[in-house]
Amino acid sequence: MEKSQTISKNTSLRQATQQSLRRLGLCPQITTGQQTSPVIFPEKRNSRGKPATRGDISVTNDDLKKAKVEEHRIDIGDEQCDLLGYEVFSGKLSLDKRKSSKHSEVQTSENMNLDMVDVKLTSKALIWGSEMLRLDDVVSLSYCVGLRHFTVHAYPLRKSSCGLFVKSRRSRKDFRFFASTSEDALQWVNTFADKQCYVNSLPHPMASKKQSSDSIFNEFPPESYIRCKSPPKVLVILNPRSGHGRSSKVFQELVEPIFKLAGFELEVVKTTSAGHARKLAASVDFSTCPDGIICVGGDGIINEVLNGLLSRDNQREAMTVPIGIIPAGSDNSLVWTVLGVRDPVSAALAIVKGGLTAIDVFAVEWIHAGAIHFGTTVTYFGFVSDVLELSEKYQKRFGPLRYFVAGFLKFFCLPKYSYEVEYLPSQREERKNFSRSGNYRHVRALH
Ligand SMILES: Nc1ncnc2c1ncn2[C@@H]1O[C@H](COP(=O)(O)OP(=O)(O)OP(=O)(O)O)[C@@H](O)[C@H]1O
């Protein structure tokens with residue numbers, strides 16, 4: 001009895017999904033196998049589509065889909081544009097306000113009394129009633145094809161008062177929305193995917209372990225109708241000593257869950273000694289981490305990775321490898337300078353949202369030693385450099401206090417420093433050549 005009910009539910013689900021796909025114009029692509037891999041659609045800022053004239057005879061499924069989306073595109077006034085962006089999709093949705101459901105996913109979506117409200121998705125935010133969720137705060141969506149609901153996973157900033165101070169910090173919030181039909185839900189999900197939000201395609205709750213070989217889920221894998229970007233593949237280099245030994249905890253508890261939600265494939269390597277990160281960056285096969293290297297730690301570990309990359313024979317290719325930064329050290333000045341964020345959650349979100357920031361890199365050539373050292377923020381010579389060198393001896397014993405201890409000791413045996421700096425401004429041609437990874441200026445220090 002139970003079995004026959006399941007079969008009939010499966011059949012009706014298959015029919016419903018096939019109908020939906022046909023209505024969305026996706027069936028021909030699936031049946032001919034023309035679009036089996038995920039597709040990312042670039043953002044277009046064309047708000048008003050021209051109405052089709054009688055002369056326009058060849059109208060493809062893509063054109064129909066485009067027209068449907070364009071229909072919803074209305075530019076919000078220029079003065080609001082910066083804040084809200086331009087509208088890309090709108091419709092009715094209901095937000096599930098219950099914390100958790102004891103019912104199965106299917107029962108929930110079928111039997112709920114839905115309170116539908118007008119919802120708009122703009123290029124910058126999802127807006128419903130007086131609520132707004134910025135797309136920059138959205139990590140990903142979870143969706144089971146064939147169901148009417150989808151969940152938006154976000155890390156919005158929340159203010160919390162701490163005595164006299166008001167603190168802002170990010171924490172996870174999941175928003176579960178119900179659409180009126182499963183086709184509507186699929187359209188919402190695909191519009192989010194077009195806005196570069198990763199979509200976790202979950203197996204339908206009916207697609208149990210006993211999935212038969214002719215199941216709809218085998219026939220039409222979710223990737224065939226969800227226009228989702230492919231999951232990024234990165235190498236994570238973590239300094240377990242950073243931040244007084246707290247970096248592993250920071251990564252596992254705060255950062256890794258965000259990357260997992262966003263579909264990242266991570267290979268995590270913990271450094272075992274000073275210089276390990278440099279060696280890794282100098283020898284890693286880029287095909288194993290095509291989307292870049294993420295450094296978890298302080299400025300020291302980033303500097304090692306940078307120097308490892310720039311010491312390679314294929315330096316030009318290495319310069320194009322994106323470096324992500326998760327601040328987990330005692331000194332995180334680079335990420336603060338480049339992104340204006342200090343906390344690991346905001347930094348992880350920035351990596352998930354993508355985009356590259358070009359930075360300047362300088363090279364210090366040690367003429368007598370014949371060595372070149374690269375840097376991004378600052379280089380020291382003399383007293384500060386001696387203090388930093390000495391402080392490494394006290395890393396284990398004093399942690400971040402080691403700089404004060406080393407500074408104090410060096411101050412009492414202050415030597416005389418003499419040096420000469422020669423500055424060579426970069427050539428225009430060189431700047432052009434290095435534009436992909438920022439400009440290079442050459443500074444020569446003589447002493
Ligand atoms: N496993 C390790 N053991 C000891 N030292 C390491 C290890 N991995 C990396 N290092 C060294 O530790 C130095 C400091 O690392 P990092 O900047 O990541 O941490 P931090 O806590 O912010 O330290 P700092 O206060 O120097 O900024 C790096 O320059 C690196 O050479």
# chains A, B, ... in the order shown; residues from 1 in each chain; ligands from 1
$ residues_near_ligand --ligand "ligand 1" --cutoff "6 Å" --atoms "only C-alpha atoms and all ligand atoms" --output "ChimeraX atom specification"
/A:239-244,271-275,297-301,329-331,400
$ write_last_selection --atoms "N, CA and C atoms" --output "PDB file, in the first residue's frame"
ATOM      1  N   ASN A 239      47.856  28.747   9.010  1.00  0.00           N
ATOM      2  CA  ASN A 239      48.943  28.762   9.990  1.00  0.00           C
ATOM      3  C   ASN A 239      48.330  28.481  11.371  1.00  0.00           C
ATOM      4  N   PRO A 240      48.538  27.269  11.919  1.00  0.00           N
ATOM      5  CA  PRO A 240      47.877  26.926  13.191  1.00  0.00           C
ATOM      6  C   PRO A 240      48.420  27.728  14.382  1.00  0.00           C
ATOM      7  N   ARG A 241      49.559  28.401  14.179  1.00  0.00           N
ATOM      8  CA  ARG A 241      50.153  29.194  15.265  1.00  0.00           C
ATOM      9  C   ARG A 241      49.603  30.619  15.297  1.00  0.00           C
ATOM     10  N   SER A 242      48.937  31.032  14.208  1.00  0.00           N
ATOM     11  CA  SER A 242      48.463  32.416  14.119  1.00  0.00           C
ATOM     12  C   SER A 242      47.459  32.734  15.209  1.00  0.00           C
ATOM     13  N   GLY A 243      47.392  34.027  15.517  1.00  0.00           N
ATOM     14  CA  GLY A 243      46.386  34.501  16.462  1.00  0.00           C
ATOM     15  C   GLY A 243      46.468  33.769  17.784  1.00  0.00           C
ATOM     16  N   HIS A 244      47.678  33.511  18.233  1.00  0.00           N
ATOM     17  CA  HIS A 244      47.894  32.817  19.509  1.00  0.00           C
ATOM     18  C   HIS A 244      47.272  31.419  19.509  1.00  0.00           C
ATOM     19  N   THR A 271      50.198  24.565   8.089  1.00  0.00           N
ATOM     20  CA  THR A 271      51.659  24.666   8.016  1.00  0.00           C
ATOM     21  C   THR A 271      52.283  24.017   9.255  1.00  0.00           C
ATOM     22  N   THR A 272      53.459  23.472   9.059  1.00  0.00           N
ATOM     23  CA  THR A 272      54.132  22.801  10.174  1.00  0.00           C
ATOM     24  C   THR A 272      55.316  23.611  10.697  1.00  0.00           C
ATOM     25  N   SER A 273      55.771  24.591   9.909  1.00  0.00           N
ATOM     26  CA  SER A 273      56.903  25.418  10.347  1.00  0.00           C
ATOM     27  C   SER A 273      56.936  26.696   9.521  1.00  0.00           C
ATOM     28  N   ALA A 274      57.748  27.647   9.976  1.00  0.00           N
ATOM     29  CA  ALA A 274      57.940  28.867   9.190  1.00  0.00           C
ATOM     30  C   ALA A 274      58.563  28.458   7.847  1.00  0.00           C
ATOM     31  N   GLY A 275      58.077  29.023   6.762  1.00  0.00           N
ATOM     32  CA  GLY A 275      58.624  28.700   5.440  1.00  0.00           C
ATOM     33  C   GLY A 275      57.810  27.646   4.696  1.00  0.00           C
ATOM     34  N   GLY A 297      45.355  33.227   8.588  1.00  0.00           N
ATOM     35  CA  GLY A 297      46.401  33.603   9.531  1.00  0.00           C
ATOM     36  C   GLY A 297      46.585  35.107   9.531  1.00  0.00           C
ATOM     37  N   GLY A 298      47.810  35.530   9.816  1.00  0.00           N
ATOM     38  CA  GLY A 298      48.097  36.969   9.836  1.00  0.00           C
ATOM     39  C   GLY A 298      48.841  37.387   8.576  1.00  0.00           C
ATOM     40  N   ASP A 299      49.424  38.566   8.623  1.00  0.00           N
ATOM     41  CA  ASP A 299      50.125  39.092   7.448  1.00  0.00           C
ATOM     42  C   ASP A 299      51.323  38.231   7.059  1.00  0.00           C
ATOM     43  N   GLY A 300      51.908  37.543   8.046  1.00  0.00           N
ATOM     44  CA  GLY A 300      53.099  36.739   7.796  1.00  0.00           C
ATOM     45  C   GLY A 300      52.840  35.617   6.804  1.00  0.00           C
ATOM     46  N   ILE A 301      51.719  34.949   6.948  1.00  0.00           N
ATOM     47  CA  ILE A 301      51.428  33.798   6.088  1.00  0.00           C
ATOM     48  C   ILE A 301      51.114  34.257   4.652  1.00  0.00           C
ATOM     49  N   GLY A 329      45.081  36.124  12.467  1.00  0.00           N
ATOM     50  CA  GLY A 329      46.363  36.320  13.147  1.00  0.00           C
ATOM     51  C   GLY A 329      46.280  37.471  14.128  1.00  0.00           C
ATOM     52  N   SER A 330      47.436  37.819  14.685  1.00  0.00           N
ATOM     53  CA  SER A 330      47.424  38.948  15.615  1.00  0.00           C
ATOM     54  C   SER A 330      47.595  40.265  14.860  1.00  0.00           C
ATOM     55  N   ASP A 331      48.081  40.196  13.641  1.00  0.00           N
ATOM     56  CA  ASP A 331      48.236  41.403  12.834  1.00  0.00           C
ATOM     57  C   ASP A 331      47.632  41.115  11.459  1.00  0.00           C
ATOM     58  N   PRO A 400      51.466  37.779  21.183  1.00  0.00           N
ATOM     59  CA  PRO A 400      51.507  39.134  20.610  1.00  0.00           C
ATOM     60  C   PRO A 400      52.344  40.115  21.441  1.00  0.00           C
TER      61      PRO A 400
END
$ closest_atom_pairs --of "segment 354-416 of chain A" --to "segment 303-307 of chain A" --cutoff "7 Å" --atoms "only C-alpha atoms" --output "Markdown table"
| residue | atom | partner | partner_atom | distance |
| --- | --- | --- | --- | --- |
| A:His373 | CA | A:Asn307 | CA | 6.8 |
| A:Phe374 | CA | A:Asn307 | CA | 5.8 |
| A:Gly375 | CA | A:Asn303 | CA | 6.4 |
$ write_last_selection --atoms "C-alpha atoms" --output "PDB file, in the first residue's frame"
ATOM      1  CA  HIS A 373      61.918  39.710  -1.192  1.00  0.00           C
ATOM      2  CA  PHE A 374      58.389  40.795  -2.121  1.00  0.00           C
ATOM      3  CA  GLY A 375      55.946  42.681   0.072  1.00  0.00           C
TER       4      GLY A 375
END
$ select_by_dssp --residues "segment 218-357 of chain A" --states "alpha helix (DSSP H)" --output "VMD selection string"
chain A and resid 218 to 219 242 to 245 247 to 250 256 to 261 276 to 283 299 to 310 315 to 319 333 to 339 344 to 353
$ write_last_selection --atoms "C-alpha atoms" --output "mmCIF file, in the first residue's frame"
data_model
loop_
_atom_site.group_PDB
_atom_site.id
_atom_site.type_symbol
_atom_site.label_atom_id
_atom_site.label_comp_id
_atom_site.auth_asym_id
_atom_site.auth_seq_id
_atom_site.Cartn_x
_atom_site.Cartn_y
_atom_site.Cartn_z
ATOM 1 C CA ASN A 218 18.451 10.338 -12.749
ATOM 2 C CA GLU A 219 16.857 11.390 -15.999
ATOM 3 C CA SER A 242 48.463 32.416 14.119
ATOM 4 C CA GLY A 243 46.386 34.501 16.462
ATOM 5 C CA HIS A 244 47.894 32.817 19.509
ATOM 6 C CA GLY A 245 46.864 29.368 18.229
ATOM 7 C CA SER A 247 43.276 30.219 13.797
ATOM 8 C CA SER A 248 42.209 26.557 13.386
ATOM 9 C CA LYS A 249 39.173 27.128 15.624
ATOM 10 C CA VAL A 250 38.284 30.332 13.772
ATOM 11 C CA GLU A 256 34.501 26.579 6.799
ATOM 12 C CA PRO A 257 30.669 26.416 7.181
ATOM 13 C CA ILE A 258 30.356 29.490 4.907
ATOM 14 C CA PHE A 259 32.574 27.973 2.226
ATOM 15 C CA LYS A 260 30.687 24.663 2.443
ATOM 16 C CA LEU A 261 27.346 26.480 2.052
ATOM 17 C CA HIS A 276 56.149 25.850 4.776
ATOM 18 C CA ALA A 277 53.540 28.167 3.177
ATOM 19 C CA ARG A 278 56.188 29.631 0.907
ATOM 20 C CA LYS A 279 57.258 26.173 -0.271
ATOM 21 C CA LEU A 280 53.664 25.154 -0.906
ATOM 22 C CA ALA A 281 52.918 28.269 -2.970
ATOM 23 C CA ALA A 282 56.169 27.794 -4.901
ATOM 24 C CA SER A 283 55.400 24.211 -5.861
ATOM 25 C CA ASP A 299 50.125 39.092 7.448
ATOM 26 C CA GLY A 300 53.099 36.739 7.796
ATOM 27 C CA ILE A 301 51.428 33.798 6.088
ATOM 28 C CA ILE A 302 50.172 35.966 3.203
ATOM 29 C CA ASN A 303 53.685 37.284 2.713
ATOM 30 C CA GLU A 304 55.032 33.749 2.540
ATOM 31 C CA VAL A 305 52.433 32.752 -0.065
ATOM 32 C CA LEU A 306 53.118 35.872 -2.132
ATOM 33 C CA ASN A 307 56.874 35.230 -2.074
ATOM 34 C CA GLY A 308 56.367 31.569 -2.925
ATOM 35 C CA LEU A 309 54.199 32.453 -5.931
ATOM 36 C CA LEU A 310 56.547 35.150 -7.221
ATOM 37 C CA GLN A 315 55.935 33.901 -12.348
ATOM 38 C CA ARG A 316 53.556 35.527 -14.813
ATOM 39 C CA GLU A 317 50.981 32.751 -14.401
ATOM 40 C CA ALA A 318 51.529 32.802 -10.636
ATOM 41 C CA MET A 319 50.713 36.522 -10.537
ATOM 42 C CA SER A 333 46.615 44.883 8.350
ATOM 43 C CA LEU A 334 46.543 43.754 4.710
ATOM 44 C CA VAL A 335 42.931 42.542 4.652
ATOM 45 C CA TRP A 336 41.836 45.662 6.547
ATOM 46 C CA THR A 337 43.664 47.874 4.032
ATOM 47 C CA VAL A 338 42.382 46.046 0.960
ATOM 48 C CA LEU A 339 38.802 45.143 1.915
ATOM 49 C CA PRO A 344 36.882 36.384 9.440
ATOM 50 C CA VAL A 345 33.164 36.018 8.593
ATOM 51 C CA SER A 346 33.056 39.213 6.495
ATOM 52 C CA ALA A 347 36.306 38.196 4.804
ATOM 53 C CA ALA A 348 34.873 34.747 3.958
ATOM 54 C CA LEU A 349 31.732 36.388 2.580
ATOM 55 C CA ALA A 350 33.854 38.675 0.398
ATOM 56 C CA ILE A 351 35.647 35.605 -1.017
ATOM 57 C CA VAL A 352 32.333 33.821 -1.657
ATOM 58 C CA LYS A 353 30.921 36.864 -3.466
#
$ residues_around --residues "Tyr155 of chain A" --least-positions-apart "2" --cutoff "10 Å" --atoms "only C-alpha atoms" --output "count of residues only"
19
$ residues_around --residues "Phe404 of chain A" --least-positions-apart "3" --cutoff "12 Å" --atoms "only C-alpha atoms" --output "list in words"
Val384, Val387, Leu388, Leu390, Ser391, Glu392, Tyr394, Gln395, Phe398, Gly399, Pro400, Leu401, Gly407, Phe408, Leu409, Lys410 and Phe411 of chain A
$ closest_residue --among "A:Gly146, A:Pro425, A:Gly85, A:Pro232" --to "Thr288 of chain A" --atoms "only C-alpha atoms"
A:Pro232
$ residues_around --residues "segment 185-187 of chain A" --least-positions-apart "3" --cutoff "7 Å" --atoms "only C-alpha atoms" --output "PDB file with N, CA and C atoms, in the first residue's frame"
ATOM      1  N   ARG A 148       7.981  23.610  -3.838  1.00  0.00           N
ATOM      2  CA  ARG A 148       7.562  25.004  -3.985  1.00  0.00           C
ATOM      3  C   ARG A 148       8.402  25.952  -3.143  1.00  0.00           C
ATOM      4  N   HIS A 149       9.285  25.426  -2.345  1.00  0.00           N
ATOM      5  CA  HIS A 149      10.033  26.355  -1.503  1.00  0.00           C
ATOM      6  C   HIS A 149      11.546  26.271  -1.740  1.00  0.00           C
ATOM      7  N   PHE A 150      12.208  27.367  -1.353  1.00  0.00           N
ATOM      8  CA  PHE A 150      13.677  27.413  -1.421  1.00  0.00           C
ATOM      9  C   PHE A 150      14.167  28.192  -0.204  1.00  0.00           C
ATOM     10  N   ALA A 179       6.834  29.597  -2.846  1.00  0.00           N
ATOM     11  CA  ALA A 179       6.232  30.203  -4.041  1.00  0.00           C
ATOM     12  C   ALA A 179       4.870  29.550  -4.248  1.00  0.00           C
ATOM     13  N   THR A 181       3.788  28.073  -6.954  1.00  0.00           N
ATOM     14  CA  THR A 181       3.943  26.804  -7.683  1.00  0.00           C
ATOM     15  C   THR A 181       5.423  26.423  -7.719  1.00  0.00           C
ATOM     16  N   SER A 182       5.691  25.162  -8.063  1.00  0.00           N
ATOM     17  CA  SER A 182       7.091  24.730  -8.140  1.00  0.00           C
ATOM     18  C   SER A 182       7.813  25.413  -9.311  1.00  0.00           C
ATOM     19  N   ASN A 190      16.499  30.344 -10.180  1.00  0.00           N
ATOM     20  CA  ASN A 190      17.359  30.627 -11.324  1.00  0.00           C
ATOM     21  C   ASN A 190      17.722  32.106 -11.422  1.00  0.00           C
ATOM     22  N   THR A 191      16.795  32.981 -10.976  1.00  0.00           N
ATOM     23  CA  THR A 191      17.134  34.405 -11.000  1.00  0.00           C
ATOM     24  C   THR A 191      18.222  34.705  -9.975  1.00  0.00           C
TER      25      THR A 191
END
$ residues_around --residues "Ser201 of chain A" --least-positions-apart "2" --cutoff "7 Å" --atoms "only C-alpha atoms" --output "mmCIF file with C-alpha atoms, in the first residue's frame"
data_model
loop_
_atom_site.group_PDB
_atom_site.id
_atom_site.type_symbol
_atom_site.label_atom_id
_atom_site.label_comp_id
_atom_site.auth_asym_id
_atom_site.auth_seq_id
_atom_site.Cartn_x
_atom_site.Cartn_y
_atom_site.Cartn_z
ATOM 1 C CA SER A 142 19.207 25.464 -1.116
ATOM 2 C CA TYR A 143 16.552 24.027 -3.364
ATOM 3 C CA CYS A 144 14.933 20.678 -4.164
ATOM 4 C CA VAL A 199 22.554 26.984 -5.538
ATOM 5 C CA PRO A 203 17.795 15.609 -3.590
ATOM 6 C CA PRO A 222 19.158 19.319 -11.127
#
$ residues_around --residues "Val268 of chain A" --least-positions-apart "6" --cutoff "8 Å" --atoms "only C-alpha atoms" --output "list in words"
Leu235, Val236, Ile237 and Leu238 of chain A
$ write_last_selection --atoms "C-alpha atoms" --output "compact mmCIF listing (two decimals), in the first residue's frame"
# COMPACT_ATOMS: atom_id res chain seq x y z
CA LEU A 235 43.79 25.54 -1.65
CA VAL A 236 43.56 26.73 1.96
CA ILE A 237 46.90 27.33 3.72
CA LEU A 238 46.33 27.68 7.45
$ closest_residue --among "A:Ser90, A:Asn200, A:Thr377, A:Ser230" --to "Leu141 of chain A" --atoms "only C-alpha atoms"
A:Asn200
$ closest_residue --among "A:Ala328, A:Val145, A:Ile127, A:Ala262" --to "Arg246 of chain A" --atoms "only C-alpha atoms"
A:Ala328
